[in-house]
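*Asks:* Next comes the structure file structure_25.pdb, holding PDB, C-alpha atoms and all ligand atoms.
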ATOM      1  CA  MET A 604      10.195 -41.552  61.073
ATOM      2  CA  GLU A 605       8.071 -39.664  58.628
ATOM      3  CA  ILE A 606       4.654 -38.623  59.887
ATOM      4  CA  PRO A 607       1.953 -39.431  57.359
ATOM      5  CA  ALA A 608      -0.815 -36.928  56.607
ATOM      6  CA  THR A 609      -3.607 -39.355  57.408
ATOM      7  CA  MET A 610      -4.236 -42.294  59.723
ATOM      8  CA  ARG A 611      -6.784 -45.026  60.256
ATOM      9  CA  ALA A 612      -9.136 -44.514  63.180
ATOM     10  CA  MET A 613     -12.304 -46.147  64.460
ATOM     11  CA  LEU A 614     -14.834 -43.331  64.808
ATOM     12  CA  LEU A 615     -17.987 -43.155  66.901
ATOM     13  CA  GLU A 616     -20.310 -40.837  64.982
ATOM     14  CA  ALA A 617     -23.384 -41.213  67.191
ATOM     15  CA  PRO A 618     -24.181 -43.223  70.322
ATOM     16  CA  GLY A 619     -25.967 -46.464  69.552
ATOM     17  CA  THR A 620     -24.148 -47.000  66.262
ATOM     18  CA  PRO A 621     -21.104 -49.191  65.586
ATOM     19  CA  LEU A 622     -17.674 -47.594  65.222
ATOM     20  CA  ARG A 623     -16.583 -46.979  61.625
ATOM     21  CA  LEU A 624     -13.098 -47.333  60.245
ATOM     22  CA  GLN A 625     -12.098 -44.065  58.598
ATOM     23  CA  GLU A 626      -9.057 -42.362  57.167
ATOM     24  CA  ILE A 627      -8.633 -38.999  58.902
ATOM     25  CA  ALA A 628      -5.901 -36.400  59.394
ATOM     26  CA  VAL A 629      -3.123 -37.210  61.857
ATOM     27  CA  PRO A 630      -3.546 -34.729  64.733
ATOM     28  CA  ARG A 631      -0.878 -32.078  65.348
ATOM     29  CA  PRO A 632       0.479 -31.679  68.872
ATOM     30  CA  ALA A 633      -0.315 -28.309  70.441
ATOM     31  CA  ALA A 634       2.025 -26.710  72.975
ATOM     32  CA  GLY A 635       2.593 -29.138  75.837
ATOM     33  CA  GLN A 636       1.278 -32.116  73.881
ATOM     34  CA  LEU A 637       2.901 -35.245  72.544
ATOM     35  CA  LEU A 638       2.097 -36.812  69.199
ATOM     36  CA  ILE A 639       2.100 -40.526  69.935
ATOM     37  CA  ARG A 640       2.193 -43.462  67.572
ATOM     38  CA  VAL A 641      -0.281 -45.841  69.185
ATOM     39  CA  HIS A 642       1.047 -49.384  69.625
ATOM     40  CA  ALA A 643      -1.766 -50.798  71.738
ATOM     41  CA  CYS A 644      -4.967 -49.505  73.285
ATOM     42  CA  GLY A 645      -7.077 -51.286  75.869
ATOM     43  CA  VAL A 646     -10.840 -51.646  75.548
ATOM     44  CA  CYS A 647     -12.701 -50.638  78.706
ATOM     45  CA  ARG A 648     -16.275 -51.004  79.882
ATOM     46  CA  THR A 649     -16.486 -47.197  79.919
ATOM     47  CA  ASP A 650     -16.063 -47.310  76.129
ATOM     48  CA  LEU A 651     -19.140 -49.491  76.006
ATOM     49  CA  HIS A 652     -21.096 -47.036  78.173
ATOM     50  CA  ILE A 653     -20.130 -44.221  75.773
ATOM     51  CA  VAL A 654     -21.148 -46.233  72.698
ATOM     52  CA  ASP A 655     -24.441 -47.132  74.368
ATOM     53  CA  GLY A 656     -25.227 -43.479  75.160
ATOM     54  CA  GLU A 657     -25.074 -44.014  78.927
ATOM     55  CA  LEU A 658     -22.585 -41.186  79.493
ATOM     56  CA  PRO A 659     -23.675 -37.651  78.619
ATOM     57  CA  GLN A 660     -22.253 -35.449  75.916
ATOM     58  CA  PRO A 661     -19.268 -37.256  74.445
ATOM     59  CA  LYS A 662     -17.225 -35.371  71.865
ATOM     60  CA  LEU A 663     -18.597 -36.403  68.462
ATOM     61  CA  PRO A 664     -17.334 -37.770  66.258
ATOM     62  CA  LEU A 665     -15.116 -39.479  68.804
ATOM     63  CA  ILE A 666     -12.099 -41.757  68.859
ATOM     64  CA  LEU A 667     -12.580 -43.960  71.931
ATOM     65  CA  GLY A 668      -9.796 -45.507  73.983
ATOM     66  CA  HIS A 669      -8.131 -44.431  77.225
ATOM     67  CA  GLU A 670      -5.545 -47.146  77.818
ATOM     68  CA  ILE A 671      -3.017 -46.015  75.215
ATOM     69  CA  VAL A 672       0.508 -47.358  74.967
ATOM     70  CA  GLY A 673       2.643 -45.771  72.290
ATOM     71  CA  SER A 674       5.838 -43.989  71.452
ATOM     72  CA  VAL A 675       6.448 -40.291  71.154
ATOM     73  CA  VAL A 676       6.805 -39.200  67.541
ATOM     74  CA  THR A 677       7.068 -35.440  68.046
ATOM     75  CA  CYS A 678       6.633 -33.011  70.906
ATOM     76  CA  GLY A 679       4.727 -29.742  70.900
ATOM     77  CA  ALA A 680       6.379 -26.570  72.157
ATOM     78  CA  GLY A 681       7.507 -26.595  75.765
ATOM     79  CA  VAL A 682       7.531 -30.364  76.316
ATOM     80  CA  ALA A 683      10.314 -31.315  78.716
ATOM     81  CA  ARG A 684       9.253 -34.570  80.379
ATOM     82  CA  PHE A 685       9.435 -36.800  77.304
ATOM     83  CA  ARG A 686      11.431 -37.065  74.123
ATOM     84  CA  ARG A 687      10.926 -38.538  70.690
ATOM     85  CA  GLY A 688      11.052 -42.345  70.947
ATOM     86  CA  ASP A 689      10.001 -42.564  74.608
ATOM     87  CA  ARG A 690       7.334 -45.123  75.428
ATOM     88  CA  VAL A 691       4.385 -43.526  77.213
ATOM     89  CA  GLY A 692       1.008 -44.500  78.613
ATOM     90  CA  VAL A 693      -2.061 -42.272  78.290
ATOM     91  CA  PRO A 694      -4.841 -42.742  80.862
ATOM     92  CA  TRP A 695      -8.475 -41.642  81.198
ATOM     93  CA  LEU A 696      -7.602 -38.334  82.889
ATOM     94  CA  ALA A 697      -6.497 -36.186  79.951
ATOM     95  CA  SER A 698      -6.181 -32.826  81.717
ATOM     96  CA  THR A 699      -7.417 -30.789  84.658
ATOM     97  CA  CYS A 700      -7.663 -27.061  85.314
ATOM     98  CA  GLY A 701      -5.214 -26.976  88.227
ATOM     99  CA  ARG A 702      -7.165 -24.077  89.777
ATOM    100  CA  CYS A 703     -10.536 -25.301  91.038
ATOM    101  CA  ARG A 704     -11.103 -26.223  94.683
ATOM    102  CA  TYR A 705     -10.715 -29.934  93.893
ATOM    103  CA  CYS A 706      -7.455 -29.497  92.029
ATOM    104  CA  ARG A 707      -6.115 -27.322  94.826
ATOM    105  CA  ARG A 708      -6.804 -29.901  97.490
ATOM    106  CA  GLY A 709      -5.311 -32.913  95.747
ATOM    107  CA  GLN A 710      -8.538 -34.232  94.242
ATOM    108  CA  GLU A 711      -7.789 -33.606  90.602
ATOM    109  CA  ASN A 712      -9.908 -36.665  89.771
ATOM    110  CA  LEU A 713     -12.917 -34.487  90.693
ATOM    111  CA  CYS A 714     -11.791 -31.387  88.765
ATOM    112  CA  ASP A 715     -14.731 -29.304  87.518
ATOM    113  CA  GLN A 716     -13.091 -28.898  84.128
ATOM    114  CA  ALA A 717     -11.323 -32.187  83.631
ATOM    115  CA  CYS A 718     -11.019 -33.612  80.128
ATOM    116  CA  PHE A 719     -11.144 -37.342  79.575
ATOM    117  CA  THR A 720      -9.301 -39.360  76.969
ATOM    118  CA  GLY A 721     -11.586 -41.132  74.525
ATOM    119  CA  TYR A 722     -14.627 -39.263  75.846
ATOM    120  CA  THR A 723     -14.277 -35.474  75.804
ATOM    121  CA  VAL A 724     -11.039 -35.586  73.766
ATOM    122  CA  ASP A 725      -9.976 -38.185  71.201
ATOM    123  CA  GLY A 726      -8.356 -41.387  72.412
ATOM    124  CA  GLY A 727      -6.405 -44.341  71.112
ATOM    125  CA  TYR A 728      -8.573 -46.425  68.768
ATOM    126  CA  ALA A 729      -6.361 -44.984  66.017
ATOM    127  CA  GLU A 730      -2.834 -45.113  64.664
ATOM    128  CA  TYR A 731      -1.872 -41.786  66.270
ATOM    129  CA  ALA A 732      -3.071 -39.729  69.223
ATOM    130  CA  VAL A 733      -2.114 -36.492  70.944
ATOM    131  CA  ALA A 734      -1.930 -36.166  74.720
ATOM    132  CA  ASP A 735      -0.998 -33.539  77.309
ATOM    133  CA  GLN A 736       2.479 -34.557  78.493
ATOM    134  CA  ARG A 737       1.649 -33.732  82.127
ATOM    135  CA  TYR A 738      -0.895 -36.561  82.312
ATOM    136  CA  CYS A 739       1.157 -39.228  80.502
ATOM    137  CA  PHE A 740       3.073 -41.928  82.332
ATOM    138  CA  SER A 741       6.357 -43.690  81.773
ATOM    139  CA  LEU A 742       5.684 -47.423  81.768
ATOM    140  CA  PRO A 743       7.575 -50.188  83.581
ATOM    141  CA  PRO A 744       9.935 -51.961  81.165
ATOM    142  CA  GLY A 745       8.837 -55.501  82.084
ATOM    143  CA  TYR A 746       5.550 -55.130  80.222
ATOM    144  CA  ASP A 747       5.236 -55.281  76.478
ATOM    145  CA  ASP A 748       2.854 -52.817  74.848
ATOM    146  CA  ALA A 749      -0.277 -54.963  74.884
ATOM    147  CA  ALA A 750       0.408 -56.209  78.422
ATOM    148  CA  ALA A 751       0.856 -52.654  79.723
ATOM    149  CA  ALA A 752      -2.376 -51.292  78.210
ATOM    150  CA  PRO A 753      -4.795 -52.806  80.776
ATOM    151  CA  LEU A 754      -2.765 -51.253  83.594
ATOM    152  CA  LEU A 755      -3.791 -47.795  82.413
ATOM    153  CA  CYS A 756      -7.458 -47.945  83.398
ATOM    154  CA  ALA A 757      -8.421 -51.396  84.635
ATOM    155  CA  GLY A 758      -5.242 -51.249  86.721
ATOM    156  CA  LEU A 759      -5.294 -47.606  87.707
ATOM    157  CA  ILE A 760      -8.935 -47.124  88.577
ATOM    158  CA  GLY A 761      -9.051 -50.675  89.930
ATOM    159  CA  TYR A 762      -6.192 -49.773  92.241
ATOM    160  CA  ARG A 763      -7.893 -46.573  93.403
ATOM    161  CA  THR A 764     -11.036 -48.609  94.118
ATOM    162  CA  TYR A 765      -9.002 -51.174  96.036
ATOM    163  CA  ARG A 766      -7.291 -48.490  98.137
ATOM    164  CA  MET A 767     -10.643 -46.934  99.053
ATOM    165  CA  ALA A 768     -11.555 -50.186 100.778
ATOM    166  CA  GLY A 769      -9.076 -49.241 103.497
ATOM    167  CA  ALA A 770      -6.004 -50.836 104.984
ATOM    168  CA  GLN A 771      -7.534 -53.319 107.422
ATOM    169  CA  VAL A 772      -9.049 -55.725 104.940
ATOM    170  CA  GLU A 773      -8.456 -59.445 105.333
ATOM    171  CA  HIS A 774     -11.366 -60.766 103.314
ATOM    172  CA  LEU A 775     -11.916 -58.889 100.059
ATOM    173  CA  GLY A 776     -14.886 -59.536  97.782
ATOM    174  CA  ILE A 777     -14.708 -58.576  94.107
ATOM    175  CA  TYR A 778     -17.900 -58.394  92.058
ATOM    176  CA  GLY A 779     -17.451 -58.655  88.290
ATOM    177  CA  PHE A 780     -14.309 -60.593  87.545
ATOM    178  CA  GLY A 781     -13.015 -58.875  84.414
ATOM    179  CA  ALA A 782     -10.066 -56.665  83.541
ATOM    180  CA  ALA A 783      -9.949 -54.534  86.703
ATOM    181  CA  ALA A 784     -10.664 -57.451  89.035
ATOM    182  CA  HIS A 785      -7.932 -59.668  87.651
ATOM    183  CA  ILE A 786      -5.325 -56.959  88.294
ATOM    184  CA  VAL A 787      -6.643 -55.934  91.719
ATOM    185  CA  ALA A 788      -6.878 -59.551  92.865
ATOM    186  CA  GLN A 789      -3.168 -60.045  92.236
ATOM    187  CA  ILE A 790      -2.294 -56.942  94.264
ATOM    188  CA  ALA A 791      -4.631 -57.964  97.108
ATOM    189  CA  LEU A 792      -3.090 -61.443  97.258
ATOM    190  CA  TYR A 793       0.392 -59.921  97.244
ATOM    191  CA  GLN A 794      -0.662 -57.780 100.211
ATOM    192  CA  GLY A 795      -1.866 -60.826 102.118
ATOM    193  CA  GLN A 796      -5.615 -60.562 101.604
ATOM    194  CA  GLN A 797      -8.003 -63.391 100.824
ATOM    195  CA  VAL A 798      -9.995 -62.799  97.666
ATOM    196  CA  TYR A 799     -13.593 -63.888  97.067
ATOM    197  CA  ALA A 800     -14.750 -63.572  93.445
ATOM    198  CA  PHE A 801     -18.388 -62.995  92.480
ATOM    199  CA  THR A 802     -19.460 -63.443  88.869
ATOM    200  CA  ARG A 803     -22.629 -63.447  86.779
ATOM    201  CA  PRO A 804     -24.714 -66.411  87.895
ATOM    202  CA  GLY A 805     -23.426 -69.584  86.274
ATOM    203  CA  ASP A 806     -20.333 -67.983  84.730
ATOM    204  CA  LEU A 807     -18.151 -70.984  85.492
ATOM    205  CA  PRO A 808     -15.259 -69.917  83.204
ATOM    206  CA  ALA A 809     -14.946 -66.587  85.073
ATOM    207  CA  GLN A 810     -15.077 -68.418  88.407
ATOM    208  CA  ALA A 811     -12.377 -70.831  87.255
ATOM    209  CA  PHE A 812     -10.300 -67.845  86.056
ATOM    210  CA  ALA A 813     -10.605 -66.234  89.503
ATOM    211  CA  ARG A 814      -9.574 -69.446  91.273
ATOM    212  CA  ARG A 815      -6.620 -69.855  88.939
ATOM    213  CA  LEU A 816      -5.483 -66.348  89.934
ATOM    214  CA  GLY A 817      -5.668 -67.352  93.599
ATOM    215  CA  ALA A 818      -9.185 -66.519  94.821
ATOM    216  CA  VAL A 819     -10.030 -68.697  97.853
ATOM    217  CA  TRP A 820     -13.659 -68.784  96.778
ATOM    218  CA  ALA A 821     -15.524 -67.999  93.570
ATOM    219  CA  GLY A 822     -19.263 -68.140  93.027
ATOM    220  CA  ASP A 823     -22.409 -66.458  91.778
ATOM    221  CA  ALA A 824     -22.998 -62.803  92.673
ATOM    222  CA  CYS A 825     -26.081 -63.694  94.688
ATOM    223  CA  ALA A 826     -24.336 -66.488  96.626
ATOM    224  CA  ALA A 827     -23.080 -66.209 100.209
ATOM    225  CA  PRO A 828     -19.316 -66.595 100.558
ATOM    226  CA  PRO A 829     -18.012 -68.842 103.393
ATOM    227  CA  GLN A 830     -16.816 -65.772 105.275
ATOM    228  CA  LEU A 831     -18.177 -62.247 105.783
ATOM    229  CA  LEU A 832     -16.249 -59.685 103.737
ATOM    230  CA  ASP A 833     -14.345 -56.748 105.198
ATOM    231  CA  ALA A 834     -14.820 -54.938 101.914
ATOM    232  CA  ALA A 835     -16.434 -55.514  98.549
ATOM    233  CA  LEU A 836     -15.326 -53.918  95.288
ATOM    234  CA  ILE A 837     -17.943 -53.733  92.565
ATOM    235  CA  PHE A 838     -16.724 -53.577  88.972
ATOM    236  CA  ALA A 839     -19.913 -54.821  87.289
ATOM    237  CA  PRO A 840     -22.386 -52.057  86.266
ATOM    238  CA  VAL A 841     -25.248 -53.655  88.128
ATOM    239  CA  GLY A 842     -26.971 -51.678  90.892
ATOM    240  CA  THR A 843     -28.545 -54.742  92.528
ATOM    241  CA  LEU A 844     -25.042 -55.810  93.534
ATOM    242  CA  ILE A 845     -24.855 -53.044  96.155
ATOM    243  CA  PRO A 846     -27.463 -54.514  98.527
ATOM    244  CA  ALA A 847     -26.181 -58.006  97.667
ATOM    245  CA  ALA A 848     -22.664 -56.997  98.708
ATOM    246  CA  LEU A 849     -23.844 -55.200 101.862
ATOM    247  CA  GLN A 850     -25.628 -58.382 102.871
ATOM    248  CA  VAL A 851     -22.337 -60.286 103.027
ATOM    249  CA  THR A 852     -20.143 -57.460 104.353
ATOM    250  CA  ALA A 853     -19.054 -57.406 108.001
ATOM    251  CA  LYS A 854     -19.719 -54.536 110.436
ATOM    252  CA  GLY A 855     -17.686 -51.448 109.568
ATOM    253  CA  GLY A 856     -16.959 -52.787 106.093
ATOM    254  CA  SER A 857     -17.196 -50.886 102.833
ATOM    255  CA  VAL A 858     -18.704 -51.455  99.450
ATOM    256  CA  VAL A 859     -16.764 -49.526  96.808
ATOM    257  CA  CYS A 860     -18.115 -49.053  93.287
ATOM    258  CA  GLY A 861     -15.356 -48.737  90.690
ATOM    259  CA  GLY A 862     -17.407 -48.139  87.548
ATOM    260  CA  ILE A 863     -18.476 -44.875  85.929
ATOM    261  CA  HIS A 864     -22.041 -46.039  85.327
ATOM    262  CA  MET A 865     -24.399 -48.450  87.076
ATOM    263  CA  SER A 866     -28.004 -49.451  86.687
ATOM    264  CA  ASP A 867     -30.296 -48.095  89.416
ATOM    265  CA  ILE A 868     -29.794 -49.288  92.961
ATOM    266  CA  PRO A 869     -32.941 -50.915  94.338
ATOM    267  CA  ALA A 870     -34.372 -49.868  97.702
ATOM    268  CA  PHE A 871     -33.035 -51.943 100.568
ATOM    269  CA  PRO A 872     -33.582 -52.110 104.329
ATOM    270  CA  TYR A 873     -31.475 -49.802 106.475
ATOM    271  CA  ARG A 874     -30.266 -52.741 108.525
ATOM    272  CA  LEU A 875     -27.983 -53.700 105.612
ATOM    273  CA  LEU A 876     -26.140 -50.385 105.986
ATOM    274  CA  TRP A 877     -26.390 -50.213 109.788
ATOM    275  CA  GLU A 878     -23.303 -50.905 111.899
ATOM    276  CA  GLU A 879     -21.150 -48.415 110.064
ATOM    277  CA  ARG A 880     -21.045 -50.067 106.690
ATOM    278  CA  LEU A 881     -20.099 -47.642 103.916
ATOM    279  CA  ILE A 882     -21.016 -47.354 100.269
ATOM    280  CA  ARG A 883     -18.881 -45.161  98.067
ATOM    281  CA  SER A 884     -18.036 -44.591  94.458
ATOM    282  CA  VAL A 885     -14.680 -43.985  92.861
ATOM    283  CA  ALA A 886     -14.420 -41.362  90.137
ATOM    284  CA  ASN A 887     -11.572 -41.186  87.641
ATOM    285  CA  LEU A 888      -7.982 -41.142  88.865
ATOM    286  CA  THR A 889      -5.257 -38.851  90.032
ATOM    287  CA  ARG A 890      -1.767 -38.930  88.618
ATOM    288  CA  GLN A 891      -0.651 -40.079  92.048
ATOM    289  CA  ASP A 892      -2.818 -43.208  91.695
ATOM    290  CA  GLY A 893      -1.100 -43.885  88.395
ATOM    291  CA  GLU A 894       2.411 -43.507  89.775
ATOM    292  CA  GLU A 895       1.585 -45.819  92.697
ATOM    293  CA  LEU A 896       0.025 -48.531  90.563
ATOM    294  CA  LEU A 897       2.813 -48.445  87.988
ATOM    295  CA  ALA A 898       5.344 -48.794  90.833
ATOM    296  CA  ILE A 899       3.608 -51.686  92.580
ATOM    297  CA  ALA A 900       2.621 -53.670  89.464
ATOM    298  CA  PRO A 901       6.167 -54.872  88.635
ATOM    299  CA  GLN A 902       6.823 -55.722  92.306
ATOM    300  CA  VAL A 903       3.866 -58.104  92.606
ATOM    301  CA  PRO A 904       4.436 -58.752  89.677
ATOM    302  CA  VAL A 905       0.993 -58.215  88.180
ATOM    303  CA  ARG A 906       0.519 -60.278  85.024
ATOM    304  CA  THR A 907      -2.183 -58.920  82.774
ATOM    305  CA  GLU A 908      -4.225 -61.414  80.820
ATOM    306  CA  PHE A 909      -5.771 -60.151  77.636
ATOM    307  CA  GLN A 910      -7.001 -61.010  74.185
ATOM    308  CA  THR A 911      -5.764 -58.951  71.279
ATOM    309  CA  PHE A 912      -7.760 -57.547  68.392
ATOM    310  CA  THR A 913      -6.800 -55.468  65.368
ATOM    311  CA  LEU A 914      -7.992 -51.857  65.100
ATOM    312  CA  ASP A 915     -10.794 -52.760  62.688
ATOM    313  CA  GLN A 916     -12.021 -55.436  65.115
ATOM    314  CA  ALA A 917     -12.854 -52.833  67.795
ATOM    315  CA  ASN A 918     -16.600 -53.452  67.488
ATOM    316  CA  GLU A 919     -16.052 -57.156  68.011
ATOM    317  CA  ALA A 920     -13.912 -56.502  71.093
ATOM    318  CA  LEU A 921     -16.665 -54.259  72.511
ATOM    319  CA  ASN A 922     -19.311 -56.878  71.809
ATOM    320  CA  ARG A 923     -17.301 -59.573  73.538
ATOM    321  CA  LEU A 924     -16.918 -57.299  76.551
ATOM    322  CA  ARG A 925     -20.660 -56.648  76.544
ATOM    323  CA  VAL A 926     -21.581 -60.324  76.698
ATOM    324  CA  GLY A 927     -18.811 -61.254  79.120
ATOM    325  CA  ALA A 928     -16.965 -63.422  76.616
ATOM    326  CA  LEU A 929     -13.479 -62.259  77.591
ATOM    327  CA  GLU A 930     -10.985 -63.615  80.067
ATOM    328  CA  GLY A 931      -9.137 -60.601  81.483
ATOM    329  CA  ALA A 932      -8.908 -57.568  79.208
ATOM    330  CA  ALA A 933      -9.297 -56.788  75.508
ATOM    331  CA  VAL A 934      -6.521 -54.865  73.765
ATOM    332  CA  LEU A 935      -6.358 -53.416  70.258
ATOM    333  CA  VAL A 936      -2.911 -53.871  68.788
ATOM    334  CA  MET A 937      -1.772 -51.676  65.901
ATOM    335  CA  PRO A 938       0.590 -52.867  63.190
ATOM    336  CA  GLY A 939       4.214 -51.781  63.601
ATOM    337  CA  PRO A 940       5.698 -48.923  61.532
ATOM    338  CA  SER A 941       5.955 -49.870  57.868
TER     339      SER A 941
HETATM  340 ZN    ZN B   1     -11.602 -47.346  81.610
HETATM  341 ZN    ZN B   2      -9.691 -28.382  88.486
END
Please re-express this file's structure in structure tokens.
*Replies:*
Amino acid sequence: MEIPATMRAMLLEAPGTPLRLQEIAVPRPAAGQLLIRVHACGVCRTDLHIVDGELPQPKLPLILGHEIVGSVVTCGAGVARFRRGDRVGVPWLASTCGRCRYCRRGQENLCDQACFTGYTVDGGYAEYAVADQRYCFSLPPGYDDAAAAPLLCAGLIGYRTYRMAGAQVEHLGIYGFGAAAHIVAQIALYQGQQVYAFTRPGDLPAQAFARRLGAVWAGDACAAPPQLLDAALIFAPVGTLIPAALQVTAKGGSVVCGGIHMSDIPAFPYRLLWEERLIRSVANLTRQDGEELLAIAPQVPVRTEFQTFTLDQANEALNRLRVGALEGAAVLVMPGPS
């Protein structure tokens, strides 16, 4: 396939402004990089935080998008893991230094010099993207391109969040029932847990969606579930949910925050934390998380639910995510090769 000189991309020029469709040069793969024709790219809440200026110092102008599914068009020098034509997934973690104390002790998600796809390097809201081969994944064959995209962040970071809750969880609460929650809930059910879904107050469609996926209970975020939780996962960027979740979490239980940004956490009485309850955040992902999630997803099997948009509808997809008008995930789907 011939590589064109230019491609269409949705560019963020400054935080607080809508993305603009532009014709820009197709990137060239450096040594160790793949040039990928993007087939689908998921839309994540992190993208919204970047657009809204809630994350510091994005690359500008920026191509957002860190749930890229595409096929390898060419390889830079020294690429051995993939070949032209291979289908690959590109996640949030774009590269790490491999040398810092975090990288050396298996915490590459905390690397001091990590680069992030669609934040500090360009991502997949475009017809082509380049990515460091070492951080790309092979994808399970049972998923078509759009269905695989949500696995790459909602799935991956959702799974890391879920694992942080620990192994002895019977009753799992999930706050914010969107893309990550709908994937994690399926894995939790598969592993024998009972799932309790908490949504924005009055969001009956999201509660019905959670019940349809198998949640034993679904209700408002401020409501008390019929059973104390062993762990609560928070995917909504709302700091008041932390004391709310602690309030309904059993002794020794944990509250795990899966998002990259949250509004401030209000003061709360120590008794909510007392009795060895834990609060922790989850940052980024390791490649190990990715391999584990991509192995377990087809076993469950996780079915991703998503709405598709064209590349030039990226702003609309982001707006629908902002107001909670999506069931499952949003995915941009690119036209096939002409
Ligand atoms: Zn994400
Ligand atoms: Zn490092």
*Asks:* Taking all atoms listed in the file into account, report as a ChimeraX atom specification which residues have an atom no farther than 7 Å from an atom of ligand ZN 1 (chain B).
*Replies:* /A:647-649,669,695,756-757
*Asks:* From the set A:Gly822, A:Gly692, A:Gly668, A:Gly817, which residue has the shortest atom-to-atom contact distance to Asp747 in chain A, counting only C-alpha atoms?
*Replies:*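 Of all the options, A:Gly692 lies closest to Asp747 in chain A.
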*Asks:* Given the choices A:Arg883, A:Arg690, A:His642, A:Lys662, which gets closest to Met767 in chain A if the distance is worked out from all atoms listed in the file?
*Replies:*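 Closest to Met767 in chain A, using all atoms listed in the file: A:Arg883.
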*Asks:* Identify, counting only C-alpha atoms and all ligand atoms, the protein, DNA and RNA residues located within 8 Å of ligand ZN 2 (chain B), and give them as JSON, numbers by chain.
*Replies:* {"A": [699, 700, 701, 702, 703, 704, 705, 706, 707, 711, 713, 714, 715, 716, 717]}
*Asks:* Report, in Å to a single decimal, how far apart CA of Met937 in chain A and CA of Ser698 in chain A are.
*Replies:*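 Between CA of Ser698 in chain A and CA of Met937 in chain A the gap is 25.0 Å.
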*Asks:* Here is a test: counting only C-alpha atoms, which residue of A:Ala634, A:Leu665, A:Leu696, A:Ile760 is nearest to Val682 in chain A?
*Replies:*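 Residue with the minimum atom-to-atom distance to Val682 in chain A: A:Ala634.
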*Asks:* Name the residues that the PyMOL selection byres (((chain A and resi 608) around 8) and not hetatm) picks from the file above, as a short mmCIF file (atom, residue, chain, number, x, y, z; two decimals) with C-alpha atoms, in the frame of the given file, using the file's chain letters and numbers.
*Replies:*
data_model
loop_
_atom_site.label_atom_id
_atom_site.label_comp_id
_atom_site.auth_asym_id
_atom_site.auth_seq_id
_atom_site.Cartn_x
_atom_site.Cartn_y
_atom_site.Cartn_z
CA ILE A 606 4.65 -38.62 59.89
CA PRO A 607 1.95 -39.43 57.36
CA THR A 609 -3.61 -39.35 57.41
CA MET A 610 -4.24 -42.29 59.72
CA ALA A 628 -5.90 -36.40 59.39
CA VAL A 629 -3.12 -37.21 61.86
#
*Asks:* As a check of understanding, name the residues that the PyMOL selection byres (((chain A and resi 720) around 6) and not hetatm) selects in the supplied structure, as a PyMOL selection string.
*Replies:* chain A and resi 669+695+697+719+721-722+724-726
*Asks:* Work out how far apart CA of Leu638 in chain A and CA of Tyr762 in chain A are and give it in Å to one decimal.
*Replies:*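 Straight-line distance from CA of Leu638 in chain A to CA of Tyr762 in chain A works out to 27.7 Å.
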*Asks:* Please determine an axis-aligned box that encloses all atoms of range 697-710 of chain A listed in the file, with 8 Å added on each side, and express its centre and edge lengths in Å to one decimal as lines of an AutoDock Vina configuration file.
*Replies:*
center_x = -8.2
center_y = -30.1
center_z = 88.7
size_x = 21.9
size_y = 28.1
size_z = 33.5
*Asks:* Taking (-22.8, -62.4, 92.9) in the file's coordinates as the center, which residues reach within 12 Å of it, counting only C-alpha atoms, put as a PyMOL selection string?
*Replies:* chain A and resi 776-780+799-806+809-810+820-828+835-839+841-851
*Asks:* What's the separation between CA of Gly855 in chain A and CA of Glu878 in chain A, in Å to one decimal place?
*Replies:*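 For CA of Gly855 in chain A relative to CA of Glu878 in chain A, the distance reads 6.1 Å.
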*Asks:* What does the PyMOL selection byres (((chain A and resi 889) around 9) and not hetatm) select in this file, as a PDB file with C-alpha atoms, keeping the file's coordinate frame?
*Replies:*
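Writing done, so here's expr-v8.pdb:
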ATOM      1  CA  LEU A 696      -7.602 -38.334  82.889  1.00  0.00           C
ATOM      2  CA  GLY A 709      -5.311 -32.913  95.747  1.00  0.00           C
ATOM      3  CA  GLN A 710      -8.538 -34.232  94.242  1.00  0.00           C
ATOM      4  CA  GLU A 711      -7.789 -33.606  90.602  1.00  0.00           C
ATOM      5  CA  ASN A 712      -9.908 -36.665  89.771  1.00  0.00           C
ATOM      6  CA  LEU A 713     -12.917 -34.487  90.693  1.00  0.00           C
ATOM      7  CA  ARG A 763      -7.893 -46.573  93.403  1.00  0.00           C
ATOM      8  CA  ASN A 887     -11.572 -41.186  87.641  1.00  0.00           C
ATOM      9  CA  LEU A 888      -7.982 -41.142  88.865  1.00  0.00           C
ATOM     10  CA  ARG A 890      -1.767 -38.930  88.618  1.00  0.00           C
ATOM     11  CA  GLN A 891      -0.651 -40.079  92.048  1.00  0.00           C
ATOM     12  CA  ASP A 892      -2.818 -43.208  91.695  1.00  0.00           C
ATOM     13  CA  GLY A 893      -1.100 -43.885  88.395  1.00  0.00           C
ATOM     14  CA  GLU A 894       2.411 -43.507  89.775  1.00  0.00           C
TER      15      GLU A 894
END
*Asks:* Which residues are close to Leu637 in chain A, i.e. within 10 Å by all atoms listed in the file, leaving aside same-chain residues fewer than 6 positions away? Reply as a list in words.
*Replies:*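 Once the adjacent positions are removed, what remains is Arg631, Ser674, Val675, Val676, Thr677, Cys678, Gly679, Ala680, Val682, Phe685, Arg686, Arg687, Val691, Ala732, Val733, Ala734, Asp735, Gln736, Arg737 and Cys739 of chain A.
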*Asks:* With only C-alpha atoms as the basis for distance, which of A:Glu773, A:Asp748, A:Glu616, A:Glu908 is at the shortest distance from Gly939 in chain A?
*Replies:*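 Closest candidate: A:Asp748.
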*Asks:* Excluding Leu651 in chain A and its own-chain neighbours fewer than 5 positions away, which residues fall within 12 Å of it when counting all atoms listed in the file? Please give them as a list in words.
*Replies:*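 Returned residues: Leu615, Pro618, Gly619, Thr620, Pro621, Leu622, Val646, Gly656, Glu657, Leu658, Leu667, Gly668, Gly721, Tyr722, Pro840, Gly862, Ile863, His864, Ala917, Asn918, Glu919, Ala920, Leu921, Asn922, Arg923, Leu924, Arg925 and Val926 of chain A.
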